[in-house]
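For reference, structure.cif (mmCIF, C-alpha atoms):
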```cif
data_model
loop_
_atom_site.group_PDB
_atom_site.id
_atom_site.type_symbol
_atom_site.label_atom_id
_atom_site.label_comp_id
_atom_site.auth_asym_id
_atom_site.auth_seq_id
_atom_site.Cartn_x
_atom_site.Cartn_y
_atom_site.Cartn_z
ATOM 1 C CA LEU A 8 -1.651 -20.863 46.643
ATOM 2 C CA SER A 9 0.241 -20.859 43.364
ATOM 3 C CA MET A 10 -1.107 -18.931 40.376
ATOM 4 C CA ALA A 11 -1.833 -22.221 38.572
ATOM 5 C CA SER A 12 -3.925 -23.587 41.439
ATOM 6 C CA ALA A 13 -5.763 -20.282 41.791
ATOM 7 C CA GLN A 14 -7.087 -20.440 38.229
ATOM 8 C CA PRO A 15 -10.597 -21.887 37.758
ATOM 9 C CA GLN A 16 -10.535 -25.564 36.840
ATOM 10 C CA PHE A 17 -12.844 -26.256 33.877
ATOM 11 C CA PHE A 18 -11.650 -29.663 32.739
ATOM 12 C CA VAL A 19 -12.193 -31.914 35.725
ATOM 13 C CA ASP A 20 -13.739 -35.330 36.235
ATOM 14 C CA HIS A 21 -17.519 -35.387 36.114
ATOM 15 C CA LYS A 22 -19.160 -36.176 39.428
ATOM 16 C CA LYS A 23 -22.758 -36.861 40.246
ATOM 17 C CA GLY A 24 -24.709 -33.711 40.848
ATOM 18 C CA GLU A 25 -22.254 -31.288 39.222
ATOM 19 C CA VAL A 26 -24.623 -30.541 36.352
ATOM 20 C CA ASN A 27 -27.287 -29.711 38.914
ATOM 21 C CA GLU A 28 -24.808 -27.435 40.688
ATOM 22 C CA LEU A 29 -24.146 -25.647 37.391
ATOM 23 C CA ARG A 30 -27.891 -25.222 36.898
ATOM 24 C CA ALA A 31 -28.159 -23.673 40.346
ATOM 25 C CA LEU A 32 -25.294 -21.282 39.556
ATOM 26 C CA LEU A 33 -26.839 -20.278 36.221
ATOM 27 C CA ARG A 34 -30.151 -19.555 37.952
ATOM 28 C CA ASN A 35 -28.512 -17.633 40.795
ATOM 29 C CA PRO A 36 -29.147 -13.870 40.368
ATOM 30 C CA LEU A 37 -25.972 -13.121 42.350
ATOM 31 C CA VAL A 38 -23.872 -14.967 39.778
ATOM 32 C CA ASP A 39 -25.635 -13.090 37.005
ATOM 33 C CA ARG A 40 -24.547 -9.795 38.573
ATOM 34 C CA GLU A 41 -20.872 -10.840 38.735
ATOM 35 C CA PRO A 42 -19.473 -10.954 35.154
ATOM 36 C CA ASN A 43 -16.327 -12.942 36.012
ATOM 37 C CA ARG A 44 -18.221 -15.533 38.034
ATOM 38 C CA LYS A 45 -20.827 -15.904 35.312
ATOM 39 C CA ARG A 46 -18.116 -16.279 32.669
ATOM 40 C CA ASP A 47 -16.348 -18.977 34.720
ATOM 41 C CA THR A 48 -19.643 -20.881 35.094
ATOM 42 C CA ILE A 49 -20.281 -20.774 31.348
ATOM 43 C CA LYS A 50 -16.698 -21.866 30.676
ATOM 44 C CA LYS A 51 -17.204 -24.838 32.992
ATOM 45 C CA VAL A 52 -20.343 -25.870 31.059
ATOM 46 C CA ILE A 53 -18.405 -25.668 27.772
ATOM 47 C CA GLY A 54 -15.539 -27.577 29.381
ATOM 48 C CA TYR A 55 -17.866 -30.457 30.245
ATOM 49 C CA MET A 56 -19.366 -30.333 26.774
ATOM 50 C CA THR A 57 -15.970 -30.651 25.075
ATOM 51 C CA LEU A 58 -15.181 -33.633 27.304
ATOM 52 C CA GLY A 59 -18.282 -35.369 25.967
ATOM 53 C CA ILE A 60 -20.310 -34.982 29.160
ATOM 54 C CA ASP A 61 -24.005 -34.439 28.468
ATOM 55 C CA VAL A 62 -24.945 -30.964 29.678
ATOM 56 C CA SER A 63 -27.993 -30.651 27.412
ATOM 57 C CA ARG A 64 -30.191 -30.415 30.533
ATOM 58 C CA LEU A 65 -28.898 -26.887 30.964
ATOM 59 C CA PHE A 66 -30.297 -25.768 27.618
ATOM 60 C CA SER A 67 -33.028 -23.447 28.920
ATOM 61 C CA GLU A 68 -30.629 -21.893 31.492
ATOM 62 C CA MET A 69 -28.012 -21.279 28.774
ATOM 63 C CA VAL A 70 -30.639 -19.641 26.568
ATOM 64 C CA MET A 71 -31.529 -17.288 29.417
ATOM 65 C CA ALA A 72 -27.841 -16.553 30.035
ATOM 66 C CA SER A 73 -27.358 -15.531 26.398
ATOM 67 C CA VAL A 74 -28.952 -12.157 27.163
ATOM 68 C CA THR A 75 -25.634 -10.465 27.977
ATOM 69 C CA LYS A 76 -23.327 -7.733 26.726
ATOM 70 C CA ASP A 77 -20.244 -9.926 27.328
ATOM 71 C CA LEU A 78 -19.146 -10.987 23.829
ATOM 72 C CA VAL A 79 -16.990 -13.849 25.149
ATOM 73 C CA VAL A 80 -19.911 -15.316 27.100
ATOM 74 C CA LYS A 81 -22.209 -14.819 24.125
ATOM 75 C CA LYS A 82 -19.797 -16.731 21.848
ATOM 76 C CA LEU A 83 -19.551 -19.617 24.314
ATOM 77 C CA ILE A 84 -23.316 -19.839 24.763
ATOM 78 C CA TYR A 85 -23.944 -19.761 21.017
ATOM 79 C CA LEU A 86 -21.377 -22.554 20.624
ATOM 80 C CA TYR A 87 -23.359 -24.571 23.183
ATOM 81 C CA LEU A 88 -26.685 -23.839 21.461
ATOM 82 C CA CYS A 89 -25.367 -24.922 18.047
ATOM 83 C CA ASN A 90 -24.032 -28.147 19.577
ATOM 84 C CA TYR A 91 -27.292 -29.162 21.275
ATOM 85 C CA ALA A 92 -29.889 -27.532 19.009
ATOM 86 C CA GLU A 93 -30.640 -30.648 16.979
ATOM 87 C CA SER A 94 -31.417 -32.723 20.074
ATOM 88 C CA ASN A 95 -33.462 -29.855 21.554
ATOM 89 C CA ALA A 96 -35.283 -28.590 18.469
ATOM 90 C CA GLU A 97 -38.299 -27.261 20.368
ATOM 91 C CA LEU A 98 -36.230 -25.581 23.067
ATOM 92 C CA SER A 99 -34.065 -24.002 20.366
ATOM 93 C CA LEU A 100 -36.994 -21.758 19.517
ATOM 94 C CA LEU A 101 -36.417 -20.100 22.899
ATOM 95 C CA ALA A 102 -33.085 -18.813 21.606
ATOM 96 C CA ILE A 103 -34.542 -17.347 18.406
ATOM 97 C CA ASN A 104 -35.799 -14.178 20.072
ATOM 98 C CA THR A 105 -32.322 -13.404 21.473
ATOM 99 C CA LEU A 106 -30.637 -14.228 18.169
ATOM 100 C CA GLN A 107 -33.049 -12.002 16.262
ATOM 101 C CA LYS A 108 -32.389 -9.115 18.637
ATOM 102 C CA ASP A 109 -28.634 -9.593 18.284
ATOM 103 C CA CYS A 110 -28.996 -9.498 14.493
ATOM 104 C CA HIS A 111 -30.122 -5.861 15.002
ATOM 105 C CA ASP A 112 -27.328 -4.974 17.441
ATOM 106 C CA THR A 113 -25.264 -1.837 16.811
ATOM 107 C CA ASP A 114 -22.022 -3.863 17.025
ATOM 108 C CA PRO A 115 -21.274 -5.652 13.702
ATOM 109 C CA MET A 116 -19.390 -8.387 15.588
ATOM 110 C CA VAL A 117 -22.544 -9.205 17.559
ATOM 111 C CA ARG A 118 -24.705 -9.072 14.405
ATOM 112 C CA GLY A 119 -22.343 -11.404 12.556
ATOM 113 C CA LEU A 120 -22.047 -13.797 15.501
ATOM 114 C CA ALA A 121 -25.824 -13.997 15.904
ATOM 115 C CA LEU A 122 -26.351 -14.570 12.183
ATOM 116 C CA ARG A 123 -23.670 -17.258 12.040
ATOM 117 C CA SER A 124 -25.092 -18.998 15.105
ATOM 118 C CA MET A 125 -28.688 -18.879 13.859
ATOM 119 C CA SER A 126 -27.749 -20.357 10.482
ATOM 120 C CA SER A 127 -25.614 -23.013 12.216
ATOM 121 C CA LEU A 128 -28.638 -24.336 14.142
ATOM 122 C CA ARG A 129 -29.743 -25.967 10.850
ATOM 123 C CA LEU A 130 -33.277 -26.663 12.008
ATOM 124 C CA PRO A 131 -36.188 -26.680 9.519
ATOM 125 C CA ASN A 132 -38.492 -25.030 12.064
ATOM 126 C CA ILE A 133 -36.378 -21.837 12.205
ATOM 127 C CA VAL A 134 -36.273 -21.139 8.447
ATOM 128 C CA GLU A 135 -39.051 -18.533 8.657
ATOM 129 C CA TYR A 136 -36.989 -16.611 11.245
ATOM 130 C CA LEU A 137 -33.617 -17.152 9.538
ATOM 131 C CA LEU A 138 -34.597 -15.936 6.071
ATOM 132 C CA PRO A 139 -35.305 -12.256 6.929
ATOM 133 C CA CYS A 140 -32.137 -12.102 9.035
ATOM 134 C CA LEU A 141 -30.078 -13.402 6.108
ATOM 135 C CA GLN A 142 -31.706 -11.007 3.653
ATOM 136 C CA ARG A 143 -30.927 -8.103 5.953
ATOM 137 C CA GLY A 144 -27.389 -9.404 6.514
ATOM 138 C CA LEU A 145 -26.660 -9.520 2.772
ATOM 139 C CA VAL A 146 -27.089 -5.727 2.590
ATOM 140 C CA ASP A 147 -25.529 -4.918 5.967
ATOM 141 C CA PRO A 148 -23.036 -2.009 5.965
ATOM 142 C CA SER A 149 -20.422 -4.237 7.632
ATOM 143 C CA PRO A 150 -18.431 -6.565 5.311
ATOM 144 C CA TYR A 151 -18.076 -9.048 8.194
ATOM 145 C CA VAL A 152 -21.842 -9.381 8.464
ATOM 146 C CA ARG A 153 -22.262 -9.600 4.669
ATOM 147 C CA LYS A 154 -19.724 -12.395 4.273
ATOM 148 C CA THR A 155 -21.323 -14.238 7.219
ATOM 149 C CA ALA A 156 -24.731 -13.882 5.563
ATOM 150 C CA VAL A 157 -23.350 -15.319 2.306
ATOM 151 C CA THR A 158 -22.157 -18.405 4.193
ATOM 152 C CA GLY A 159 -25.553 -18.548 5.896
ATOM 153 C CA VAL A 160 -27.271 -18.790 2.496
ATOM 154 C CA VAL A 161 -25.324 -22.000 1.832
ATOM 155 C CA LYS A 162 -26.426 -23.411 5.192
ATOM 156 C CA LEU A 163 -30.017 -22.450 4.408
ATOM 157 C CA TRP A 164 -29.693 -24.221 1.049
ATOM 158 C CA HIS A 165 -28.887 -27.485 2.838
ATOM 159 C CA ILE A 166 -31.986 -27.105 5.047
ATOM 160 C CA ALA A 167 -34.497 -25.709 2.545
ATOM 161 C CA PRO A 168 -33.196 -25.279 -1.025
ATOM 162 C CA HIS A 169 -36.658 -24.253 -2.251
ATOM 163 C CA VAL A 170 -36.572 -21.200 0.040
ATOM 164 C CA VAL A 171 -33.286 -20.071 -1.524
ATOM 165 C CA ARG A 172 -34.758 -20.464 -5.029
ATOM 166 C CA GLU A 173 -38.107 -18.818 -4.255
ATOM 167 C CA ASN A 174 -36.434 -15.752 -2.744
ATOM 168 C CA ALA A 175 -33.918 -15.282 -5.581
ATOM 169 C CA LEU A 176 -30.950 -15.537 -3.230
ATOM 170 C CA VAL A 177 -28.821 -17.052 -6.006
ATOM 171 C CA ASP A 178 -29.370 -13.908 -8.088
ATOM 172 C CA THR A 179 -28.477 -11.806 -5.053
ATOM 173 C CA LEU A 180 -25.180 -13.678 -4.680
ATOM 174 C CA TYR A 181 -24.371 -13.086 -8.361
ATOM 175 C CA LYS A 182 -24.872 -9.342 -7.816
ATOM 176 C CA MET A 183 -22.740 -9.412 -4.681
ATOM 177 C CA ILE A 184 -19.729 -10.722 -6.613
ATOM 178 C CA ARG A 185 -19.103 -7.040 -7.376
ATOM 179 C CA ASP A 186 -19.130 -6.197 -3.643
ATOM 180 C CA ARG A 187 -16.504 -3.642 -2.662
ATOM 181 C CA ASP A 188 -15.030 -6.047 -0.082
ATOM 182 C CA PRO A 189 -12.883 -8.797 -1.682
ATOM 183 C CA GLN A 190 -13.640 -11.353 1.049
ATOM 184 C CA VAL A 191 -17.389 -10.950 0.518
ATOM 185 C CA CYS A 192 -16.792 -11.412 -3.205
ATOM 186 C CA ALA A 193 -14.726 -14.587 -2.642
ATOM 187 C CA ASN A 194 -17.389 -16.011 -0.311
ATOM 188 C CA CYS A 195 -20.029 -15.387 -2.994
ATOM 189 C CA ILE A 196 -17.996 -17.312 -5.560
ATOM 190 C CA SER A 197 -17.520 -20.274 -3.201
ATOM 191 C CA ALA A 198 -21.205 -20.186 -2.220
ATOM 192 C CA LEU A 199 -22.424 -20.119 -5.832
ATOM 193 C CA ASN A 200 -20.123 -22.975 -6.789
ATOM 194 C CA GLU A 201 -21.601 -25.070 -3.980
ATOM 195 C CA LEU A 202 -25.215 -24.102 -4.677
ATOM 196 C CA LEU A 203 -24.835 -24.702 -8.423
ATOM 197 C CA GLN A 204 -22.594 -27.757 -8.368
ATOM 198 C CA ASP A 205 -25.167 -29.714 -10.389
ATOM 199 C CA GLU A 206 -24.615 -27.109 -13.134
ATOM 200 C CA ASP A 207 -20.799 -27.362 -12.866
ATOM 201 C CA GLY A 208 -20.591 -24.257 -10.708
ATOM 202 C CA MET A 209 -21.444 -20.615 -11.241
ATOM 203 C CA ALA A 210 -21.945 -19.243 -14.747
ATOM 204 C CA LEU A 211 -19.107 -17.191 -16.257
ATOM 205 C CA ASN A 212 -19.011 -14.441 -18.832
ATOM 206 C CA LYS A 213 -16.398 -12.004 -20.121
ATOM 207 C CA PRO A 214 -17.382 -8.890 -18.080
ATOM 208 C CA LEU A 215 -17.468 -10.875 -14.834
ATOM 209 C CA MET A 216 -14.169 -12.652 -15.527
ATOM 210 C CA TYR A 217 -12.364 -9.432 -16.405
ATOM 211 C CA HIS A 218 -13.812 -7.695 -13.344
ATOM 212 C CA LEU A 219 -12.444 -10.401 -11.039
ATOM 213 C CA LEU A 220 -9.034 -10.592 -12.697
ATOM 214 C CA ASN A 221 -8.574 -6.828 -12.552
ATOM 215 C CA ARG A 222 -9.280 -6.938 -8.799
ATOM 216 C CA LEU A 223 -7.094 -9.968 -8.163
ATOM 217 C CA ARG A 224 -4.334 -8.171 -6.248
ATOM 218 C CA ASP A 225 -6.921 -6.956 -3.693
ATOM 219 C CA PHE A 226 -7.793 -10.542 -2.715
ATOM 220 C CA SER A 227 -6.145 -12.705 -0.080
ATOM 221 C CA GLU A 228 -4.023 -15.606 -1.317
ATOM 222 C CA TRP A 229 -6.836 -18.081 -0.679
ATOM 223 C CA SER A 230 -9.314 -15.852 -2.496
ATOM 224 C CA GLN A 231 -6.929 -15.437 -5.422
ATOM 225 C CA CYS A 232 -6.880 -19.223 -5.818
ATOM 226 C CA VAL A 233 -10.692 -19.247 -5.821
ATOM 227 C CA VAL A 234 -10.754 -16.688 -8.653
ATOM 228 C CA LEU A 235 -8.009 -18.482 -10.569
ATOM 229 C CA GLU A 236 -10.000 -21.721 -10.378
ATOM 230 C CA LEU A 237 -12.808 -19.853 -12.127
ATOM 231 C CA ALA A 238 -10.383 -18.564 -14.762
ATOM 232 C CA ALA A 239 -9.256 -22.156 -15.411
ATOM 233 C CA ARG A 240 -12.874 -22.996 -16.324
ATOM 234 C CA TYR A 241 -13.438 -19.943 -18.493
ATOM 235 C CA GLU A 242 -13.646 -20.439 -22.263
ATOM 236 C CA PRO A 243 -12.581 -17.295 -24.198
ATOM 237 C CA GLU A 244 -14.637 -16.463 -27.270
ATOM 238 C CA VAL A 245 -11.674 -15.121 -29.292
ATOM 239 C CA ASP A 246 -7.908 -15.584 -29.151
ATOM 240 C CA THR A 247 -7.305 -11.976 -28.128
ATOM 241 C CA GLU A 248 -9.016 -12.749 -24.816
ATOM 242 C CA VAL A 249 -6.414 -15.428 -24.180
ATOM 243 C CA PHE A 250 -3.593 -12.918 -24.460
ATOM 244 C CA ASP A 251 -5.470 -10.308 -22.415
ATOM 245 C CA ILE A 252 -5.986 -12.746 -19.550
ATOM 246 C CA MET A 253 -2.373 -13.979 -19.634
ATOM 247 C CA ASN A 254 -1.150 -10.387 -19.530
ATOM 248 C CA LEU A 255 -3.356 -9.717 -16.510
ATOM 249 C CA LEU A 256 -2.013 -12.807 -14.738
ATOM 250 C CA GLU A 257 1.662 -12.448 -15.681
ATOM 251 C CA GLU A 258 2.656 -10.995 -12.309
ATOM 252 C CA ARG A 259 0.927 -13.865 -10.454
ATOM 253 C CA LEU A 260 3.680 -16.160 -11.769
ATOM 254 C CA ARG A 261 6.113 -14.242 -9.543
ATOM 255 C CA HIS A 262 3.930 -14.537 -6.456
ATOM 256 C CA SER A 263 5.514 -15.855 -3.248
ATOM 257 C CA ASN A 264 2.647 -18.253 -2.591
ATOM 258 C CA LEU A 265 3.011 -21.692 -4.179
ATOM 259 C CA ALA A 266 -0.752 -22.257 -4.543
ATOM 260 C CA VAL A 267 -1.233 -18.956 -6.391
ATOM 261 C CA VAL A 268 1.605 -19.723 -8.826
ATOM 262 C CA MET A 269 0.339 -23.254 -9.528
ATOM 263 C CA ALA A 270 -3.234 -22.009 -10.017
ATOM 264 C CA THR A 271 -1.941 -19.393 -12.486
ATOM 265 C CA ILE A 272 0.021 -22.027 -14.377
ATOM 266 C CA LYS A 273 -3.150 -24.113 -14.644
ATOM 267 C CA VAL A 274 -4.958 -21.113 -16.184
ATOM 268 C CA PHE A 275 -2.171 -20.529 -18.731
ATOM 269 C CA LEU A 276 -2.170 -24.164 -19.824
ATOM 270 C CA HIS A 277 -5.972 -24.279 -20.067
ATOM 271 C CA LEU A 278 -6.260 -21.107 -22.132
ATOM 272 C CA THR A 279 -3.637 -22.142 -24.672
ATOM 273 C CA GLN A 280 -4.533 -25.791 -25.141
ATOM 274 C CA HIS A 281 -6.140 -25.071 -28.531
ATOM 275 C CA LEU A 282 -3.174 -22.903 -29.641
ATOM 276 C CA PRO A 283 -0.274 -25.372 -30.106
ATOM 277 C CA ASP A 284 2.429 -22.801 -30.859
ATOM 278 C CA ILE A 285 1.456 -20.564 -27.929
ATOM 279 C CA HIS A 286 1.092 -23.631 -25.712
ATOM 280 C CA ARG A 287 4.756 -24.530 -26.344
ATOM 281 C CA GLN A 288 5.813 -20.953 -25.606
ATOM 282 C CA VAL A 289 3.871 -21.069 -22.369
ATOM 283 C CA TYR A 290 5.811 -24.156 -21.280
ATOM 284 C CA GLU A 291 9.031 -22.260 -21.942
ATOM 285 C CA ARG A 292 7.739 -19.263 -19.974
ATOM 286 C CA LEU A 293 6.785 -21.468 -17.019
ATOM 287 C CA LYS A 294 10.263 -22.929 -16.562
ATOM 288 C CA ALA A 295 11.581 -19.952 -14.579
ATOM 289 C CA PRO A 296 8.825 -19.724 -11.951
ATOM 290 C CA LEU A 297 8.784 -23.507 -11.514
ATOM 291 C CA LEU A 298 12.571 -23.663 -11.038
ATOM 292 C CA THR A 299 12.341 -20.801 -8.543
ATOM 293 C CA LEU A 300 9.712 -22.702 -6.541
ATOM 294 C CA MET A 301 11.761 -25.900 -6.588
ATOM 295 C CA ALA A 302 14.913 -24.117 -5.455
ATOM 296 C CA GLY A 303 13.402 -21.918 -2.737
ATOM 297 C CA GLY A 304 10.503 -23.944 -1.387
ATOM 298 C CA GLY A 305 10.209 -26.879 0.971
ATOM 299 C CA PRO A 306 10.013 -30.571 0.047
ATOM 300 C CA GLU A 307 6.284 -30.261 -0.797
ATOM 301 C CA SER A 308 7.161 -27.640 -3.458
ATOM 302 C CA ALA A 309 9.764 -29.827 -5.081
#
```

Step by step, read the file and then write its structure as structure tokens.
Amino acid sequence: LSMASAQPQFFVDHKKGEVNELRALLRNPLVDREPNRKRDTIKKVIGYMTLGIDVSRLFSEMVMASVTKDLVVKKLIYLYLCNYAESNAELSLLAINTLQKDCHDTDPMVRGLALRSMSSLRLPNIVEYLLPCLQRGLVDPSPYVRKTAVTGVVKLWHIAPHVVRENALVDTLYKMIRDRDPQVCANCISALNELLQDEDGMALNKPLMYHLLNRLRDFSEWSQCVVLELAARYEPEVDTEVFDIMNLLEERLRHSNLAVVMATIKVFLHLTQHLPDIHRQVYERLKAPLLTLMAGGGPESA
């Protein structure tokens, strides 16, 4: 046999009885004791699911199979649970116990995965279980878990906004903007802007704006654009703030990323719109970085 033919075939035509065969394999204690065989069975279930074949009948067996130390299998099963949770709302409660236990796991990857999966179920009947897990995740020592918890707050908002308000989670996100991890900070900004979109996004003040701009070089390029979008909304109280902010952002005009440069230009133009003389000088200053982008970038830059 060739190597290709020896590999397990996951994406095959659906035949009558194959779902029942998968159920039998998932219930077989011998399969459970063989990690590779169990993983191949789970992969086959996910393969059918991605082909649009209804494998929701295996929900209870997949919940039972989620009690495993194999992170790959756990990820696949949680993907399955999130896909079928809405159509199996009552059975989804069976998975809550496992998810809650995984939220206390010693491995931050497992904690983050469990928290992300639980918040992705988006079922009103799990809010009472989700809330304490999110609150614990927001203060987790791992930045991966914290940033996952921040995203989970947004998902909770779409299920039960009153729960987010009653438990002061918006205030918690404001405090977490000063988190030592820049990705957690960026997630908080995006989350607050979504939660407070009826109020034109998160509230800004001078200390917060200066804090973010002074940390800008620590952020990823995407996160820098998020912060710069905030700066483009900020209204300085005095003209000296305008010059302070432009001095802080001067080096961003020489950044290699097109989006960062354009976002910085937007900030410069916004800040100086009420200062006609400075506004004209800004246009002169922006010629060089714009010409550099046009000369060195692709057709989308030009």

What are the closest atom pairs, with distances in Å to one decimal, for each residue of range 36-128 of chain A lying within 7 Å of range 154-164 of chain A, using all atoms listed in the file, rows by chain and rising residue number, as JSON lines?
```
{"residue": "A:Gly119", "atom": "CA", "partner": "A:Thr155", "partner_atom": "CA", "distance": 6.1}
{"residue": "A:Leu122", "atom": "CA", "partner": "A:Ala156", "partner_atom": "CA", "distance": 6.8}
{"residue": "A:Arg123", "atom": "CA", "partner": "A:Thr155", "partner_atom": "CA", "distance": 6.2}
{"residue": "A:Ser126", "atom": "CA", "partner": "A:Gly159", "partner_atom": "CA", "distance": 5.4}
```

Suppose we keep C-alpha atoms; can you now write the selection as a short mmCIF file (atom, residue, chain, number, x, y, z; two decimals), in the frame of the given file?
```cif
data_model
loop_
_atom_site.label_atom_id
_atom_site.label_comp_id
_atom_site.auth_asym_id
_atom_site.auth_seq_id
_atom_site.Cartn_x
_atom_site.Cartn_y
_atom_site.Cartn_z
CA GLY A 119 -22.34 -11.40 12.56
CA LEU A 122 -26.35 -14.57 12.18
CA ARG A 123 -23.67 -17.26 12.04
CA SER A 126 -27.75 -20.36 10.48
#
```

Extract, using only C-alpha atoms, all DNA, RNA and protein residues at most 12 Å from range 277-287 of chain A, discarding same-chain residues fewer than 3 positions from it, and format them as an MDAnalysis selection string. chainID A and resid 235:253 256 270:274 290:294

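Closest to Met56 in chain A among A:Asn90, A:Thr75, A:Trp229, A:Arg34 is A:Asn90, based on all atoms listed in the file.
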
To verify the selection step, state as a PyMOL selection string which residues the PyMOL selection byres ((chain A and resi 168-176) around 10) yields on this input. chain A and resi 134-135+138+141-142+145+157+160-167+177-182+202

Mind giving me the straight-line distance from CA of Glu93 in chain A to CA of Leu120 in chain A in Å, one decimal? 19.0 Å

Separation of CA of Leu106 in chain A and CA of Ala121 in chain A, in Å?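 CA of Leu106 in chain A sits 5.3 Å away from CA of Ala121 in chain A.
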
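The space separating CA of Val289 in chain A from CA of His262 in chain A comes to 17.2 Å.
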
Given only C-alpha atoms as the basis, pick out the residue of A:Arg153, A:Arg143, A:Arg30, A:Lys213 nearest to Phe66 in chain A.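 Closest to Phe66 in chain A of all the choices is A:Arg30.
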
Find the residues around Leu297 in chain A up to 10 Å (only C-alpha atoms counted), leave out those fewer than 2 positions away in its own chain, and share them as a PyMOL selection string. chain A and resi 260-261+265+268-269+272+292-295+299-302+308-309

For each of A:Tyr136, A:Tyr91, A:Tyr85, A:Tyr151, take the minimum atom-to-atom distance to Ser124 in chain A, counting all atoms listed in the file, then give the residue where this is smallest.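 Residue with the minimum atom-to-atom distance to Ser124 in chain A: A:Tyr85.
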
Kindly resolve the PyMOL selection byres ((chain A and resi 70) around 8) on the present coordinates and return the residues as a ChimeraX atom specification. /A:66-69,71-74,84,88,101-102

Listed atoms of range 88-102 of chain A boxed axis-aligned with 5 Å per side, centre + edges as lines of an AutoDock Vina configuration file:
```
center_x = -31.2
center_y = -25.8
center_z = 20.0
size_x = 24.3
size_y = 23.9
size_z = 16.1
```

So which one's closest to Lys50 in chain A, A:Met116, A:Val80, A:Val26, A:Ala266? Using all atoms listed in the file, please. A:Val80

Answer key for the PyMOL selection byres ((chain A and resi 190) around 10), residues as a PyMOL selection string: chain A and resi 150-151+153-154+184+186-189+191-196+225-227+229-230

Where atoms are missing, can you supply all heavy atoms for range 127-131 of chain A and output the lot as a short mmCIF file (atom, residue, chain, number, x, y, z; two decimals), in the coordinates of the input?
```
data_model
loop_
_atom_site.label_atom_id
_atom_site.label_comp_id
_atom_site.auth_asym_id
_atom_site.auth_seq_id
_atom_site.Cartn_x
_atom_site.Cartn_y
_atom_site.Cartn_z
N SER A 127 -26.27 -21.75 11.85
CA SER A 127 -25.61 -23.01 12.22
C SER A 127 -26.53 -23.96 12.99
O SER A 127 -26.19 -25.12 13.18
CB SER A 127 -24.36 -22.73 13.05
OG SER A 127 -23.40 -22.02 12.30
N LEU A 128 -27.69 -23.46 13.45
CA LEU A 128 -28.64 -24.34 14.14
C LEU A 128 -29.17 -25.40 13.19
O LEU A 128 -29.46 -26.53 13.59
CB LEU A 128 -29.80 -23.53 14.71
CG LEU A 128 -29.46 -22.52 15.81
CD1 LEU A 128 -30.70 -21.75 16.23
CD2 LEU A 128 -28.83 -23.21 17.02
N ARG A 129 -29.34 -25.03 11.92
CA ARG A 129 -29.74 -25.97 10.85
C ARG A 129 -31.00 -26.75 11.21
O ARG A 129 -31.06 -27.99 11.07
CB ARG A 129 -28.59 -26.92 10.51
CG ARG A 129 -27.33 -26.20 10.08
CD ARG A 129 -26.32 -27.08 9.42
NE ARG A 129 -25.13 -26.34 9.05
CZ ARG A 129 -24.18 -26.79 8.26
NH1 ARG A 129 -24.27 -28.00 7.76
NH2 ARG A 129 -23.13 -26.06 7.96
N LEU A 130 -32.01 -26.04 11.66
CA LEU A 130 -33.28 -26.66 12.01
C LEU A 130 -34.36 -26.17 11.05
O LEU A 130 -34.51 -24.97 10.85
CB LEU A 130 -33.67 -26.30 13.44
CG LEU A 130 -32.72 -26.79 14.54
CD1 LEU A 130 -33.10 -26.15 15.87
CD2 LEU A 130 -32.73 -28.29 14.64
N PRO A 131 -35.13 -27.09 10.46
CA PRO A 131 -36.19 -26.68 9.52
C PRO A 131 -37.21 -25.73 10.13
O PRO A 131 -37.76 -24.88 9.44
CB PRO A 131 -36.85 -28.01 9.13
CG PRO A 131 -35.79 -29.05 9.37
CD PRO A 131 -35.03 -28.56 10.56
#
```
